[in-house]
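Heads up, protein-v7.pdb below (PDB, C-alpha atoms):
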```
ATOM      1  CA  MET G   1     115.073 122.041 105.763  1.00  0.00           C
ATOM      2  CA  THR G   2     112.285 119.977 107.255  1.00  0.00           C
ATOM      3  CA  GLU G   3     113.270 117.943 110.316  1.00  0.00           C
ATOM      4  CA  VAL G   4     114.362 114.440 109.355  1.00  0.00           C
ATOM      5  CA  GLN G   5     114.330 111.511 111.759  1.00  0.00           C
ATOM      6  CA  VAL G   6     116.341 108.314 111.289  1.00  0.00           C
ATOM      7  CA  GLU G   7     113.961 105.384 111.776  1.00  0.00           C
ATOM      8  CA  ASN G   8     116.284 102.449 111.124  1.00  0.00           C
ATOM      9  CA  MET G   9     119.794 101.531 110.097  1.00  0.00           C
ATOM     10  CA  VAL G  10     121.124  98.205 108.858  1.00  0.00           C
ATOM     11  CA  VAL G  11     124.852  97.636 109.293  1.00  0.00           C
ATOM     12  CA  SER G  12     127.213  94.714 108.948  1.00  0.00           C
ATOM     13  CA  PHE G  13     130.640  93.883 110.341  1.00  0.00           C
ATOM     14  CA  SER G  14     132.779  90.868 111.176  1.00  0.00           C
ATOM     15  CA  VAL G  15     133.520  89.636 114.716  1.00  0.00           C
ATOM     16  CA  ALA G  16     135.536  86.458 114.021  1.00  0.00           C
ATOM     17  CA  GLU G  17     136.694  84.065 111.323  1.00  0.00           C
ATOM     18  CA  LEU G  18     134.405  81.122 112.164  1.00  0.00           C
ATOM     19  CA  LEU G  19     131.783  80.642 114.844  1.00  0.00           C
ATOM     20  CA  ASP G  20     130.206  77.514 116.324  1.00  0.00           C
ATOM     21  CA  LEU G  21     126.585  78.644 116.217  1.00  0.00           C
ATOM     22  CA  PRO G  22     125.024  75.670 118.068  1.00  0.00           C
ATOM     23  CA  LYS G  23     127.454  76.198 120.973  1.00  0.00           C
ATOM     24  CA  ILE G  24     126.862  79.969 121.035  1.00  0.00           C
ATOM     25  CA  ALA G  25     123.092  79.393 120.998  1.00  0.00           C
ATOM     26  CA  VAL G  26     123.380  77.126 124.049  1.00  0.00           C
ATOM     27  CA  ASP G  27     125.835  79.360 125.931  1.00  0.00           C
ATOM     28  CA  ILE G  28     124.042  82.704 125.426  1.00  0.00           C
ATOM     29  CA  PRO G  29     120.733  82.355 127.321  1.00  0.00           C
ATOM     30  CA  ASP G  30     118.591  84.676 125.192  1.00  0.00           C
ATOM     31  CA  ALA G  31     120.060  83.656 121.827  1.00  0.00           C
ATOM     32  CA  GLN G  32     117.628  82.275 119.273  1.00  0.00           C
ATOM     33  CA  TYR G  33     118.853  79.657 116.844  1.00  0.00           C
ATOM     34  CA  ASN G  34     116.689  77.811 114.364  1.00  0.00           C
ATOM     35  CA  PRO G  35     118.979  76.803 111.486  1.00  0.00           C
ATOM     36  CA  ASP G  36     116.068  75.469 109.414  1.00  0.00           C
ATOM     37  CA  GLU G  37     114.604  78.991 109.253  1.00  0.00           C
ATOM     38  CA  VAL G  38     117.623  81.297 109.602  1.00  0.00           C
ATOM     39  CA  PRO G  39     121.235  80.119 109.399  1.00  0.00           C
ATOM     40  CA  ALA G  40     122.289  82.546 112.141  1.00  0.00           C
ATOM     41  CA  VAL G  41     122.088  83.103 115.873  1.00  0.00           C
ATOM     42  CA  VAL G  42     119.658  85.934 116.541  1.00  0.00           C
ATOM     43  CA  LEU G  43     120.206  88.317 119.444  1.00  0.00           C
ATOM     44  CA  GLN G  44     117.608  90.911 120.354  1.00  0.00           C
ATOM     45  CA  PHE G  45     118.185  94.050 122.388  1.00  0.00           C
ATOM     46  CA  THR G  46     115.621  96.366 123.946  1.00  0.00           C
ATOM     47  CA  LYS G  47     117.836  99.417 124.426  1.00  0.00           C
ATOM     48  CA  PRO G  48     118.657 100.443 121.830  1.00  0.00           C
ATOM     49  CA  ARG G  49     115.879  98.441 120.211  1.00  0.00           C
ATOM     50  CA  SER G  50     117.692  96.303 117.686  1.00  0.00           C
ATOM     51  CA  MET G  51     118.371  92.810 116.453  1.00  0.00           C
ATOM     52  CA  ALA G  52     121.573  91.091 115.383  1.00  0.00           C
ATOM     53  CA  ALA G  53     121.980  88.050 113.160  1.00  0.00           C
ATOM     54  CA  VAL G  54     125.350  86.374 113.796  1.00  0.00           C
ATOM     55  CA  SER G  55     126.441  83.980 111.037  1.00  0.00           C
ATOM     56  CA  SER G  56     128.873  81.084 111.225  1.00  0.00           C
ATOM     57  CA  THR G  57     131.331  83.055 109.077  1.00  0.00           C
ATOM     58  CA  GLY G  58     131.533  85.687 111.830  1.00  0.00           C
ATOM     59  CA  VAL G  59     129.587  88.276 109.868  1.00  0.00           C
ATOM     60  CA  VAL G  60     126.985  90.129 111.937  1.00  0.00           C
ATOM     61  CA  VAL G  61     124.059  92.078 110.493  1.00  0.00           C
ATOM     62  CA  VAL G  62     122.377  94.521 112.866  1.00  0.00           C
ATOM     63  CA  THR G  63     119.052  96.188 112.213  1.00  0.00           C
ATOM     64  CA  GLY G  64     117.199  98.717 114.331  1.00  0.00           C
ATOM     65  CA  PRO G  65     119.685 101.347 115.548  1.00  0.00           C
ATOM     66  CA  LYS G  66     118.840 104.959 114.753  1.00  0.00           C
ATOM     67  CA  SER G  67     122.364 106.372 114.909  1.00  0.00           C
ATOM     68  CA  MET G  68     125.989 105.303 114.677  1.00  0.00           C
ATOM     69  CA  ASP G  69     126.223 105.802 118.460  1.00  0.00           C
ATOM     70  CA  GLU G  70     123.496 103.189 118.883  1.00  0.00           C
ATOM     71  CA  VAL G  71     125.300 100.927 116.382  1.00  0.00           C
ATOM     72  CA  HIS G  72     128.428 101.098 118.547  1.00  0.00           C
ATOM     73  CA  GLU G  73     126.366 100.327 121.689  1.00  0.00           C
ATOM     74  CA  VAL G  74     124.936  97.211 120.024  1.00  0.00           C
ATOM     75  CA  ILE G  75     128.363  96.111 118.783  1.00  0.00           C
ATOM     76  CA  LYS G  76     129.695  96.350 122.336  1.00  0.00           C
ATOM     77  CA  MET G  77     126.772  94.286 123.663  1.00  0.00           C
ATOM     78  CA  ILE G  78     127.374  91.617 120.991  1.00  0.00           C
ATOM     79  CA  THR G  79     131.127  91.396 121.573  1.00  0.00           C
ATOM     80  CA  ASP G  80     130.635  91.369 125.364  1.00  0.00           C
ATOM     81  CA  ARG G  81     128.237  88.416 125.074  1.00  0.00           C
ATOM     82  CA  LEU G  82     130.548  86.551 122.730  1.00  0.00           C
ATOM     83  CA  ASN G  83     133.541  87.172 125.006  1.00  0.00           C
ATOM     84  CA  LEU G  84     131.560  85.875 128.023  1.00  0.00           C
ATOM     85  CA  VAL G  85     131.024  82.539 126.264  1.00  0.00           C
ATOM     86  CA  GLY G  86     134.666  82.225 125.210  1.00  0.00           C
ATOM     87  CA  VAL G  87     134.562  83.656 121.702  1.00  0.00           C
ATOM     88  CA  GLU G  88     137.476  86.011 121.192  1.00  0.00           C
ATOM     89  CA  SER G  89     136.144  88.623 118.827  1.00  0.00           C
ATOM     90  CA  GLN G  90     138.491  90.478 116.530  1.00  0.00           C
ATOM     91  CA  GLU G  91     138.723  94.257 116.559  1.00  0.00           C
ATOM     92  CA  ILE G  92     135.674  95.742 114.846  1.00  0.00           C
ATOM     93  CA  SER G  93     137.025  98.193 112.327  1.00  0.00           C
ATOM     94  CA  ASP G  94     134.992  97.845 109.155  1.00  0.00           C
ATOM     95  CA  ILE G  95     131.349  98.709 109.894  1.00  0.00           C
ATOM     96  CA  THR G  96     129.373  98.909 106.655  1.00  0.00           C
ATOM     97  CA  VAL G  97     126.065 100.764 106.513  1.00  0.00           C
ATOM     98  CA  LYS G  98     123.850  98.692 104.225  1.00  0.00           C
ATOM     99  CA  ASN G  99     120.593 100.619 104.515  1.00  0.00           C
ATOM    100  CA  VAL G 100     119.108 103.729 106.148  1.00  0.00           C
ATOM    101  CA  THR G 101     115.432 104.652 106.540  1.00  0.00           C
ATOM    102  CA  VAL G 102     114.457 108.215 107.451  1.00  0.00           C
ATOM    103  CA  SER G 103     111.151 110.022 107.722  1.00  0.00           C
ATOM    104  CA  THR G 104     109.820 113.540 107.808  1.00  0.00           C
ATOM    105  CA  ASP G 105     106.425 115.204 108.005  1.00  0.00           C
ATOM    106  CA  LEU G 106     105.308 118.168 105.894  1.00  0.00           C
ATOM    107  CA  HIS G 107     102.321 118.775 108.223  1.00  0.00           C
ATOM    108  CA  GLN G 108      99.968 119.151 105.287  1.00  0.00           C
ATOM    109  CA  ASN G 109      98.025 116.841 103.020  1.00  0.00           C
ATOM    110  CA  LEU G 110      99.444 115.860  99.648  1.00  0.00           C
ATOM    111  CA  LYS G 111      97.471 115.230  96.484  1.00  0.00           C
ATOM    112  CA  LEU G 112      99.147 112.002  95.452  1.00  0.00           C
ATOM    113  CA  ARG G 113      97.276 111.490  92.161  1.00  0.00           C
ATOM    114  CA  SER G 114      98.362 114.919  90.994  1.00  0.00           C
ATOM    115  CA  LEU G 115     101.931 114.349  92.151  1.00  0.00           C
ATOM    116  CA  ALA G 116     102.049 110.959  90.408  1.00  0.00           C
ATOM    117  CA  ARG G 117     101.147 112.670  87.125  1.00  0.00           C
ATOM    118  CA  SER G 118     103.765 115.392  87.676  1.00  0.00           C
ATOM    119  CA  LEU G 119     106.703 113.260  88.810  1.00  0.00           C
ATOM    120  CA  ASP G 120     108.708 110.997  86.516  1.00  0.00           C
ATOM    121  CA  ASN G 121     109.373 107.506  87.910  1.00  0.00           C
ATOM    122  CA  ALA G 122     106.431 107.640  90.318  1.00  0.00           C
ATOM    123  CA  ASP G 123     103.928 104.840  90.958  1.00  0.00           C
ATOM    124  CA  TYR G 124     100.647 105.411  92.729  1.00  0.00           C
ATOM    125  CA  ASP G 125      97.925 102.797  92.983  1.00  0.00           C
ATOM    126  CA  PRO G 126      95.993 103.263  96.240  1.00  0.00           C
ATOM    127  CA  LYS G 127      94.339  99.854  95.780  1.00  0.00           C
ATOM    128  CA  VAL G 128      97.757  98.215  96.072  1.00  0.00           C
ATOM    129  CA  PHE G 129      99.629 100.575  98.437  1.00  0.00           C
ATOM    130  CA  PRO G 130      98.416 103.763 100.158  1.00  0.00           C
ATOM    131  CA  GLY G 131     101.474 105.824  99.242  1.00  0.00           C
ATOM    132  CA  LEU G 132     103.161 107.190  96.157  1.00  0.00           C
ATOM    133  CA  ILE G 133     106.392 105.323  95.392  1.00  0.00           C
ATOM    134  CA  TYR G 134     109.061 107.532  93.853  1.00  0.00           C
ATOM    135  CA  LYS G 135     112.189 105.997  92.335  1.00  0.00           C
ATOM    136  CA  GLY G 136     113.757 109.122  91.016  1.00  0.00           C
ATOM    137  CA  ASP G 137     117.114 110.712  90.510  1.00  0.00           C
ATOM    138  CA  ASN G 138     119.234 108.452  92.718  1.00  0.00           C
ATOM    139  CA  PRO G 139     119.032 104.721  91.989  1.00  0.00           C
ATOM    140  CA  ASN G 140     120.111 104.034  95.582  1.00  0.00           C
ATOM    141  CA  THR G 141     116.975 105.568  97.132  1.00  0.00           C
ATOM    142  CA  VAL G 142     113.211 105.088  97.172  1.00  0.00           C
ATOM    143  CA  ILE G 143     110.831 107.717  98.555  1.00  0.00           C
ATOM    144  CA  LEU G 144     107.327 107.014  99.813  1.00  0.00           C
ATOM    145  CA  LEU G 145     104.900 109.935 100.037  1.00  0.00           C
ATOM    146  CA  PHE G 146     101.614 109.666 101.916  1.00  0.00           C
ATOM    147  CA  VAL G 147      98.418 111.738 101.768  1.00  0.00           C
ATOM    148  CA  SER G 148      99.052 112.854 105.375  1.00  0.00           C
ATOM    149  CA  GLY G 149     102.258 114.642 104.313  1.00  0.00           C
ATOM    150  CA  LYS G 150     104.523 112.036 105.833  1.00  0.00           C
ATOM    151  CA  ILE G 151     107.505 111.045 103.729  1.00  0.00           C
ATOM    152  CA  VAL G 152     109.728 107.989 104.173  1.00  0.00           C
ATOM    153  CA  CYS G 153     113.018 107.606 102.325  1.00  0.00           C
ATOM    154  CA  ASN G 154     115.102 104.469 102.138  1.00  0.00           C
ATOM    155  CA  GLY G 155     118.622 104.273 100.769  1.00  0.00           C
ATOM    156  CA  VAL G 156     122.106 102.901 101.132  1.00  0.00           C
ATOM    157  CA  SER G 157     123.590 105.823 103.053  1.00  0.00           C
ATOM    158  CA  LEU G 158     122.502 108.748 105.195  1.00  0.00           C
ATOM    159  CA  GLU G 159     123.988 111.103 102.624  1.00  0.00           C
ATOM    160  CA  ASP G 160     121.967 109.508  99.800  1.00  0.00           C
ATOM    161  CA  VAL G 161     118.656 109.735 101.677  1.00  0.00           C
ATOM    162  CA  THR G 162     119.339 113.306 102.818  1.00  0.00           C
ATOM    163  CA  VAL G 163     120.098 114.456  99.267  1.00  0.00           C
ATOM    164  CA  ALA G 164     117.099 112.534  97.889  1.00  0.00           C
ATOM    165  CA  LEU G 165     114.767 114.164 100.430  1.00  0.00           C
ATOM    166  CA  GLU G 166     116.157 117.633  99.717  1.00  0.00           C
ATOM    167  CA  ASN G 167     115.607 117.064  95.994  1.00  0.00           C
ATOM    168  CA  MET G 168     112.058 115.823  96.613  1.00  0.00           C
ATOM    169  CA  LEU G 169     111.265 118.841  98.790  1.00  0.00           C
ATOM    170  CA  GLU G 170     112.506 121.138  95.997  1.00  0.00           C
ATOM    171  CA  LYS G 171     110.221 119.332  93.537  1.00  0.00           C
ATOM    172  CA  LEU G 172     107.270 119.639  95.938  1.00  0.00           C
ATOM    173  CA  LEU G 173     107.954 123.367  96.367  1.00  0.00           C
ATOM    174  CA  SER G 174     107.983 123.760  92.583  1.00  0.00           C
ATOM    175  CA  PHE G 175     104.511 122.128  92.525  1.00  0.00           C
ATOM    176  CA  GLY G 176     103.223 124.716  95.016  1.00  0.00           C
ATOM    177  CA  ILE G 177     103.480 122.717  98.216  1.00  0.00           C
ATOM    178  CA  LYS G 178     104.516 124.982 101.070  1.00  0.00           C
ATOM    179  CA  LYS G 179     107.504 124.583 103.333  1.00  0.00           C
ATOM    180  CA  GLU G 180     106.769 123.264 106.805  1.00  0.00           C
ATOM    181  CA  GLU G 181     107.495 126.689 108.329  1.00  0.00           C
ATOM    182  CA  ASP G 182     104.691 128.144 106.198  1.00  0.00           C
ATOM    183  CA  VAL G 183     102.032 125.643 107.303  1.00  0.00           C
ATOM    184  CA  CYS G 184     102.786 125.088 111.003  1.00  0.00           C
ATOM    185  CA  PRO G 185     101.482 127.612 113.528  1.00  0.00           C
ATOM    186  CA  LYS G 186     104.293 129.352 115.393  1.00  0.00           C
TER     187      LYS G 186
END
```

For this file, produce the structure as structure tokens.
Amino acid sequence: MTEVQVENMVVSFSVAELLDLPKIAVDIPDAQYNPDEVPAVVLQFTKPRSMAAVSSTGVVVVTGPKSMDEVHEVIKMITDRLNLVGVESQEISDITVKNVTVSTDLHQNLKLRSLARSLDNADYDPKVFPGLIYKGDNPNTVILLFVSGKIVCNGVSLEDVTVALENMLEKLLSFGIKKEEDVCPK
């Protein structure tokens, strides 16, 4: 299988029943709060690079981590900050993965016009978007293929995107596109 790299995960969880966002925004120095634009306190982290939107209902949406280990690091940073400003956060037990983006590289050029004609549920209009958009077998995933051989897959779970990529690679092999091992110098 071609090497796959997780580029982004979006997860959600709950930290409390109700939160006083204006107070949290004042008490946490680097918190951003502009309720006219986003009805949440936004916290940004550089390591791991991620962002959290904390809502008044206590629901937190985190985007940016590349693994569940990074998700847990960010959750700890969020709960530590909330605890420092007097918010007792509940035990985090139900972390829901909402979205996963992965990428891979075939290390060879792809003929997208030809692929668009061969694949069902594929859209390719280079005047609108430089990649082929494939909405195939799994309704929970979308695959983007680029002329450079790079492939990006977005879906609701790591399992979904992994299976979707494997299926796409099988289709590409059936169209005569070589496996990465066959095109990369050893």

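Across G:Asp36, G:Leu21, G:Leu115, G:Leu106, the tightest approach to G:Val85 is made by G:Leu21 when counting all atoms listed in the file.
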
Practice item. Could you please determine the separation between atom CA of G:Thr46 and atom CA of G:Val4 in Å, to one decimal place? Key: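 Answer for the atom CA of G:Thr46 to atom CA of G:Val4 separation: 23.3 Å.
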
Point to revise | Given the PyMOL selection byres ((chain G and resi 168) around 10), the residues it picks as number ranges by chain | key: G: 119, 134, 136-137, 143, 145, 151, 162-167, 169-174

Review point. So which one's closest to G:Val100, G:Val161, G:Leu112, G:Ala122, G:Val42? Using all atoms listed in the file, please.
Key: G:Val161

To test the calculation: enclose all listed atoms of stretch 35-47 of chain G in a box whose edges run along x, y and z, add 3 Å on each side, then state centre and edge lengths in Å to one decimal, as AutoDock Vina command-line options.
```
--center_x 118.4 --center_y 87.4 --center_z 116.8 --size_x 13.7 --size_y 29.9 --size_z 21.2
```

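Close to (120.4, 83.2, 120.2), meaning no more than 9 Å away when counting all atoms listed in the file, sit the residues Leu21, Ile24, Ala25, Val26, Asp27, Ile28, Pro29, Asp30, Ala31, Gln32, Tyr33, Asn34, Ala40, Val41, Val42, Leu43, Gln44, Ala53 and Val54 of chain G.
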
Practice item. Can you work out the spacing between atom CA of G:Asp120 and atom CA of G:Asn140 in Å, to one decimal? Key: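 Distance between the two atoms: 16.1 Å.
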
Check your understanding: Smallest atom-to-atom distance to G:Val147: which of G:Lys23, G:Arg113, G:Arg49, G:Lys127, using only C-alpha atoms?
Key ->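 So, comparing all the options, the nearest one is G:Arg113.
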
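Closest approach to G:Val62 among G:Ser89, G:Asn8, G:Asn154, G:Thr104 is made by G:Asn8 (distances from all atoms listed in the file).
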
Exercise for review: For the file shown, report as number ranges by chain the outcome of the PyMOL selection byres ((chain G and resi 72) around 12) at residue level.
Suggested key: G: 11-13, 48, 50, 62, 65-71, 73-79, 92-95

**Study point:** Closest of G:Pro126, G:Pro35, G:Gly131, G:Gly64 to G:Val152 - atom-to-atom distances counting all atoms listed in the file
**Key:**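 Ranking G:Pro126, G:Pro35, G:Gly131, G:Gly64 by distance to G:Val152, first place goes to G:Gly131.
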
**Study point:** Of the listed residues G:Arg117, G:Glu7, G:Thr101, G:Lys178, that which approaches G:Val142 most closely, counting all atoms listed in the file
**Key:**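 Selected residue with least distance to G:Val142: G:Thr101.
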
Exercise for review: Could you jot down the atom CA of G:Lys47 to atom CA of G:Asp20 separation for me, Å, one decimal place?
Suggested key: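 If I compute the distance from atom CA of G:Lys47 to atom CA of G:Asp20, I get 26.4 Å.
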
Exercise for review: For G:Val10, please output as a PyMOL selection string all residues within 6 Å (counting all atoms listed in the file; exclusion window: fewer than 2 positions along the same chain).
Suggested key: chain G and resi 62-63+98-99

Exercise for review: Could you expand the PyMOL selection byres ((chain G and resi 109) around 8) into the explicit residues it covers here, written as a ChimeraX atom specification?
Suggested key: /G:106-108,110-111,147-149
